[in-house]
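This is coords.cif (mmCIF, C-alpha atoms).
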data_work
#
loop_
_atom_site.label_atom_id
_atom_site.label_comp_id
_atom_site.auth_asym_id
_atom_site.auth_seq_id
_atom_site.Cartn_x
_atom_site.Cartn_y
_atom_site.Cartn_z
CA MET A 646 122.87 3.24 112.06
CA THR A 647 119.52 2.30 113.60
CA SER A 648 121.17 -0.25 115.88
CA ALA A 649 123.77 2.35 116.85
CA LEU A 650 121.01 4.77 117.81
CA ARG A 651 119.36 2.09 119.93
CA ARG A 652 122.63 1.31 121.70
CA ASN A 653 123.18 4.99 122.40
CA ALA A 654 119.57 5.89 123.27
CA ALA A 655 120.46 6.44 126.93
CA VAL A 656 123.43 8.58 125.89
CA LEU A 657 121.23 10.79 123.72
CA VAL A 658 118.65 11.22 126.47
CA LEU A 659 121.31 12.06 129.05
CA ALA A 660 123.01 14.48 126.65
CA ALA A 661 119.66 16.18 125.97
CA LEU A 662 119.02 16.51 129.71
CA ALA A 663 122.51 17.96 130.22
CA ALA A 664 122.00 20.45 127.37
CA GLY A 665 118.52 21.41 128.60
CA CYS A 666 119.66 22.06 132.17
CA ALA A 667 122.70 23.97 130.92
CA ALA A 668 120.47 26.13 128.70
CA ILE A 669 118.26 27.00 131.66
CA ILE A 670 121.30 27.93 133.75
CA TRP A 671 122.86 30.04 131.00
CA PHE A 672 119.83 31.68 129.37
CA VAL A 673 117.20 31.80 132.13
CA MET A 674 118.95 32.01 135.50
CA PRO A 675 120.90 35.15 136.41
CA HIS A 676 124.66 35.03 135.91
CA ASP A 677 125.35 35.37 139.61
CA ARG A 678 128.65 34.23 141.10
CA GLU A 679 127.07 33.98 144.55
CA VAL A 680 125.26 30.74 145.38
CA LYS A 681 121.88 31.82 146.75
CA SER A 682 120.58 28.46 147.99
CA LEU A 683 121.46 24.79 148.25
CA GLY A 684 118.72 24.00 145.71
CA ILE A 685 120.27 26.32 143.12
CA PHE A 686 123.71 24.87 143.84
CA LEU A 687 122.48 21.30 143.28
CA PHE A 688 120.53 22.25 140.16
CA LYS A 689 123.65 23.79 138.65
CA LEU A 690 125.41 20.44 139.12
CA LEU A 691 122.81 18.58 137.04
CA PRO A 692 124.34 19.31 133.60
CA PHE A 693 127.63 17.93 134.87
CA VAL A 694 126.00 14.81 136.34
CA PHE A 695 124.00 14.06 133.18
CA ALA A 696 126.98 14.74 130.90
CA THR A 697 129.27 12.52 132.96
CA GLU A 698 126.83 9.64 132.80
CA ALA A 699 126.39 10.16 129.06
CA LEU A 700 130.16 9.90 128.61
CA ALA A 701 130.31 6.79 130.76
CA ARG A 702 127.66 5.10 128.60
CA LEU A 703 129.18 5.98 125.22
CA ASP A 704 129.43 3.19 122.69
CA VAL A 705 133.15 3.73 122.25
CA ALA A 706 133.42 1.22 119.41
CA PHE A 707 130.99 3.32 117.34
CA PHE A 708 132.87 6.56 118.04
CA ARG A 709 136.18 4.90 117.24
CA LYS A 710 134.83 3.37 114.03
CA TYR A 711 134.04 6.84 112.66
CA GLN A 712 137.11 8.49 114.22
CA LEU A 713 134.88 11.00 116.02
CA VAL A 714 137.59 11.65 118.58
CA ARG A 715 139.27 13.71 115.86
CA VAL A 716 136.28 16.05 115.94
CA LEU A 717 135.11 16.03 119.56
CA VAL A 718 138.41 16.64 121.36
CA PRO A 719 139.49 19.53 119.07
CA ALA A 720 135.93 20.91 119.28
CA SER A 721 136.16 21.07 123.07
CA PHE A 722 139.43 22.99 122.71
CA VAL A 723 137.83 25.37 120.19
CA VAL A 724 135.03 26.18 122.67
CA PHE A 725 137.63 26.95 125.31
CA PHE A 726 140.01 28.89 123.11
CA LEU A 727 137.62 30.81 120.85
CA TYR A 728 134.88 31.58 123.37
CA PHE A 729 136.08 31.48 126.95
CA VAL A 730 139.60 32.85 126.41
CA PRO A 731 138.31 35.99 124.62
CA LYS A 732 135.65 36.41 127.33
CA ILE A 733 138.27 36.13 130.07
CA PHE A 734 140.39 38.83 128.43
CA PHE A 735 137.36 41.03 127.76
CA TYR A 736 136.04 40.83 131.33
CA ALA A 737 139.45 41.02 133.00
CA GLU A 738 138.44 44.19 134.85
CA ASP A 739 134.88 43.04 135.57
CA HIS A 740 135.53 40.55 138.34
CA PRO A 741 131.95 39.23 138.90
CA THR A 742 131.43 38.49 135.20
CA LEU A 743 134.95 37.10 134.83
CA TYR A 744 134.41 34.85 137.85
CA TYR A 745 131.13 33.52 136.46
CA HIS A 746 132.70 32.61 133.12
CA VAL A 747 135.57 30.78 134.85
CA LEU A 748 133.00 29.04 137.04
CA VAL A 749 131.24 27.74 133.92
CA LEU A 750 134.49 26.94 132.14
CA THR A 751 135.89 24.71 134.88
CA PRO A 752 133.26 21.92 134.60
CA LEU A 753 133.68 22.05 130.82
CA ILE A 754 137.40 21.42 131.24
CA ILE A 755 136.66 18.49 133.56
CA LEU A 756 134.20 17.04 131.06
CA SER A 757 136.64 17.54 128.19
CA LEU A 758 139.35 15.62 130.04
CA THR A 759 136.83 12.93 130.93
CA MET A 760 135.65 12.68 127.32
CA ALA A 761 139.21 12.33 126.05
CA TYR A 762 139.82 9.54 128.55
CA ARG A 763 136.60 7.73 127.63
CA LEU A 764 137.12 8.00 123.86
CA GLY A 765 140.64 6.70 124.36
CA GLY A 766 139.19 3.47 125.73
CA GLY A 767 138.67 4.32 129.40
CA THR A 768 136.12 2.20 131.24
CA PRO A 769 132.66 3.53 132.15
CA GLY A 770 133.40 3.11 135.86
CA ASN A 771 136.65 5.00 135.77
CA THR A 772 135.00 7.69 133.65
CA ARG A 773 132.53 8.27 136.48
CA ARG A 774 135.32 8.03 139.03
CA ILE A 775 137.65 10.66 137.60
CA ALA A 776 134.82 13.09 136.82
CA ALA A 777 133.44 12.81 140.37
CA ALA A 778 136.88 13.25 141.93
CA MET A 779 137.62 16.38 139.91
CA LEU A 780 134.18 17.83 140.71
CA LEU A 781 134.78 17.26 144.43
CA ILE A 782 138.05 19.16 144.18
CA MET A 783 136.33 21.95 142.25
CA VAL A 784 133.60 22.51 144.87
CA SER A 785 135.88 21.90 147.86
CA GLY A 786 137.00 25.49 148.26
CA ALA A 787 140.62 24.51 147.64
CA GLU A 788 140.82 27.14 144.91
CA ASP A 789 139.82 29.82 147.44
CA LEU A 790 142.63 28.73 149.73
CA ALA A 791 145.04 28.59 146.81
CA TYR A 792 144.09 32.14 145.83
CA LEU A 793 145.11 33.27 149.30
CA THR A 794 148.34 31.31 149.45
CA VAL A 795 149.92 31.07 145.98
CA ASN A 796 149.57 34.77 145.14
CA ASN A 797 151.77 37.57 146.45
CA HIS A 798 149.10 39.84 147.93
CA THR A 799 150.03 43.45 148.62
CA ASP A 800 146.58 44.46 149.87
CA PRO A 801 146.60 44.18 153.71
CA GLU A 802 143.09 42.71 153.56
CA TRP A 803 144.47 39.62 151.83
CA ALA A 804 147.99 39.55 153.27
CA THR A 805 146.79 37.02 155.83
CA ILE A 806 144.03 34.45 155.56
CA PRO A 807 140.76 36.12 156.70
CA GLU A 808 139.11 34.75 159.83
CA THR A 809 135.74 34.66 158.03
CA TRP A 810 135.39 33.76 154.35
CA THR A 811 132.63 36.18 153.38
CA TRP A 812 132.87 35.33 149.68
CA ALA A 813 132.49 31.54 150.00
CA SER A 814 128.75 31.33 149.34
CA HIS A 815 129.03 27.72 148.12
CA ILE A 816 130.12 26.77 151.65
CA LYS A 817 127.55 29.04 153.26
CA VAL A 818 124.63 27.13 151.69
CA PHE A 819 125.79 24.01 153.53
CA LEU A 820 126.64 25.61 156.88
CA GLY A 821 123.93 28.26 157.01
CA HIS A 822 126.54 30.99 157.53
CA TYR A 823 129.77 32.17 156.00
CA PRO A 824 132.53 29.83 157.17
CA SER A 825 135.22 30.73 159.61
CA LYS A 826 138.77 30.00 158.54
CA MET A 827 138.81 26.71 160.44
CA GLU A 828 135.40 25.69 159.08
CA ALA A 829 136.66 26.35 155.57
CA TYR A 830 139.74 24.21 156.23
CA VAL A 831 137.56 21.35 157.43
CA PHE A 832 135.22 21.73 154.43
CA ILE A 833 138.18 21.58 152.05
CA ALA A 834 139.76 18.64 153.85
CA VAL A 835 136.53 16.63 153.79
CA HIS A 836 136.14 17.12 150.04
CA VAL A 837 139.77 16.28 149.31
CA VAL A 838 139.47 13.09 151.40
CA LEU A 839 136.28 12.22 149.52
CA ALA A 840 138.03 12.79 146.19
CA LEU A 841 140.90 10.51 147.25
CA PHE A 842 138.38 7.92 148.42
CA VAL A 843 136.59 8.04 145.06
CA LEU A 844 139.91 7.51 143.28
CA ALA A 845 140.89 4.61 145.54
CA ALA A 846 137.51 2.87 145.93
CA PRO A 847 136.87 -0.52 144.28
CA THR A 848 136.22 -0.19 140.55
CA ARG A 849 133.10 -2.36 140.75
CA TRP A 850 131.33 0.42 142.66
CA PHE A 851 131.52 2.64 139.60
CA GLU A 852 130.73 -0.05 137.05
CA ARG A 853 127.27 -0.88 138.43
CA LEU A 854 125.55 1.51 136.01
CA ASN A 855 127.53 0.15 133.06
CA PRO A 856 124.94 -0.74 130.36
CA TRP A 857 127.33 -3.38 129.00
CA ARG A 858 127.69 -5.17 132.33
CA GLY A 859 126.28 -8.67 132.16
CA ARG A 860 126.62 -8.80 128.36
CA GLY A 861 130.33 -9.32 128.27
CA ALA A 862 132.97 -6.70 127.71
CA GLN A 863 132.19 -3.74 125.52
CA PRO A 864 133.53 -4.41 122.01
CA VAL A 865 136.26 -1.80 121.90
CA THR A 866 139.07 -2.32 119.43
CA PRO A 867 142.41 -1.40 121.04
CA ALA A 868 144.14 1.64 119.59
CA PRO A 869 146.89 0.66 117.13
CA ALA A 870 149.65 2.11 119.31
CA GLU A 871 148.59 0.04 122.32
CA SER A 872 148.86 -3.65 122.97
CA SER A 873 145.73 -5.41 124.15
CA SER A 874 147.34 -6.06 127.53
CA VAL A 875 147.98 -2.35 128.07
CA ALA A 876 144.50 -1.33 126.88
CA ALA A 877 142.94 -3.79 129.31
CA LYS A 878 144.48 -1.93 132.23
CA VAL A 879 143.02 1.47 131.28
#
Would it be possible to restate this file's structure as structure tokens?
Amino acid sequence: MTSALRRNAAVLVLAALAAGCAAIIWFVMPHDREVKSLGIFLFKLLPFVFATEALARLDVAFFRKYQLVRVLVPASFVVFFLYFVPKIFFYAEDHPTLYYHVLVLTPLIILSLTMAYRLGGGTPGNTRRIAAAMLLIMVSGAEDLAYLTVNNHTDPEWATIPETWTWASHIKVFLGHYPSKMEAYVFIAVHVVLALFVLAAPTRWFERLNPWRGRGAQPVTPAPAESSSVAAKV
């Protein structure tokens, strides 16, 4: 157990940093859907960054040995289903509070998917890759555009795409003003292209922080249902 703690020391530190930053955001900072500054925006990304790196550095062999995937993946679902779902129903008529809870929930979903991939034998580099790509899509503003296009709006205010996106404060902190429709399109396009680039970039770029690099491959026993040749491609 002592050797396992040593191997996962970086994971524990990163997880503690993620939890500490998340606690500050949830218990200290106001639950405000509007992004007030670029500094606040970047600080709110820190729990995600630390948690992603912790997942990438997991000693998967240790977690597989004790079958912890049976606990961690269902636990992430329980948090979603028994906390966020009731909150979403409860605040259905309180849009600012509802929006904030969905805003917090979305990174948790990304991290849950990333954790499931990593515990299933995914490589550290690809763990970083998929988490970064999904985060880029989340902050791109694509959801704002989807809200305007996939819904059947009856309110004339939303029947056409507004010329100025006065609600998109996460874009405003980068531009210095609320984006015009065309500026929002460009912002979305840039982030989507970046996400595609992250998914297509050479794997070695994302493996450089791998704590097992240079010591041989991480000793992960392939899952019984997979052949070693298939697991090697994950």
Open item on the list: Using the chain letters and numbers from this file, what does the PyMOL selection byres ((chain A and resi 744-759) around 8) select? Give the answer as a VMD selection string.
Closed with: chain A and resid 676 to 678 693 696 to 697 700 718 721 725 729 732 to 733 740 to 743 760 to 763 772 775 to 776 779 to 780 783
TODO: Please write the residues picked by the PyMOL selection byres ((chain A and resi 785-802) around 10) on this file as a PyMOL selection string.
DONE: chain A and resi 779-784+803-807+810+812-813+815-816+826+829-837+839-840
Name every residue that the PyMOL selection byres ((chain A and resi 709) around 9) selects in this structure, writing the answer as a PDB file with C-alpha atoms, in the coordinates of the input with chains first and numbers rising.
ATOM      1  CA  ASP A 704     129.430   3.190 122.690  1.00  0.00           C
ATOM      2  CA  VAL A 705     133.150   3.730 122.250  1.00  0.00           C
ATOM      3  CA  ALA A 706     133.420   1.220 119.410  1.00  0.00           C
ATOM      4  CA  PHE A 707     130.990   3.320 117.340  1.00  0.00           C
ATOM      5  CA  PHE A 708     132.870   6.560 118.040  1.00  0.00           C
ATOM      6  CA  LYS A 710     134.830   3.370 114.030  1.00  0.00           C
ATOM      7  CA  TYR A 711     134.040   6.840 112.660  1.00  0.00           C
ATOM      8  CA  GLN A 712     137.110   8.490 114.220  1.00  0.00           C
ATOM      9  CA  LEU A 713     134.880  11.000 116.020  1.00  0.00           C
ATOM     10  CA  VAL A 714     137.590  11.650 118.580  1.00  0.00           C
ATOM     11  CA  LEU A 764     137.120   8.000 123.860  1.00  0.00           C
ATOM     12  CA  GLY A 765     140.640   6.700 124.360  1.00  0.00           C
ATOM     13  CA  VAL A 865     136.260  -1.800 121.900  1.00  0.00           C
ATOM     14  CA  THR A 866     139.070  -2.320 119.430  1.00  0.00           C
ATOM     15  CA  ALA A 868     144.140   1.640 119.590  1.00  0.00           C
TER      16      ALA A 868
END
Task: Residue nearest Glu679 of chain A among A:Thr647, A:Asn653, A:Ser814, A:Thr809 (counting all atoms listed in the file) - done: A:Ser814
Task: One-decimal distance in Å that lies between atom CA of Val694 of chain A and atom CA of Ala660 of chain A - done: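 Pair atom CA of Ala660 of chain A / atom CA of Val694 of chain A returns 10.1 Å.
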TODO: Would you mind reading off the distance between atom CA of Ala661 of chain A and atom CA of Lys689 of chain A, one decimal, in Å?
DONE: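 Distance reported for this atom pair: 15.3 Å.
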Open item on the list: What's the separation between atom CA of Arg702 of chain A and atom CA of Arg773 of chain A, in Å to one decimal place?
Closed with: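 Computing it gives 9.8 Å between the two atoms.
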What's around Arg774 of chain A at 8 Å? Count all atoms listed in the file, leave out sequence neighbours fewer than 3 positions away in its own chain, and write the answer as a compact mmCIF listing (two decimals) with C-alpha atoms, in the frame of the given file.
# COMPACT_ATOMS: atom_id res chain seq x y z
CA GLY A 770 133.40 3.11 135.86
CA ASN A 771 136.65 5.00 135.77
CA ALA A 777 133.44 12.81 140.37
CA ALA A 778 136.88 13.25 141.93
CA VAL A 843 136.59 8.04 145.06
CA LEU A 844 139.91 7.51 143.28
CA PHE A 851 131.52 2.64 139.60
- [ ] Have a look at A:Val680, A:Val673, A:Ala720, A:Ala699 and name the one nearest to Leu657 of chain A; count all atoms listed in the file.
- [x]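 Result for the nearest residue to Leu657 of chain A: A:Ala699.
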Task: Best match for closeness to Val818 of chain A among A:Val730, A:Leu691, A:Ile685, A:Ala737, counting all atoms listed in the file - done: A:Ile685
Task: Nearest candidate to Glu698 of chain A (options A:Val658, A:Arg652, A:Val838, A:Tyr823; using all atoms listed in the file) - done: A:Val658
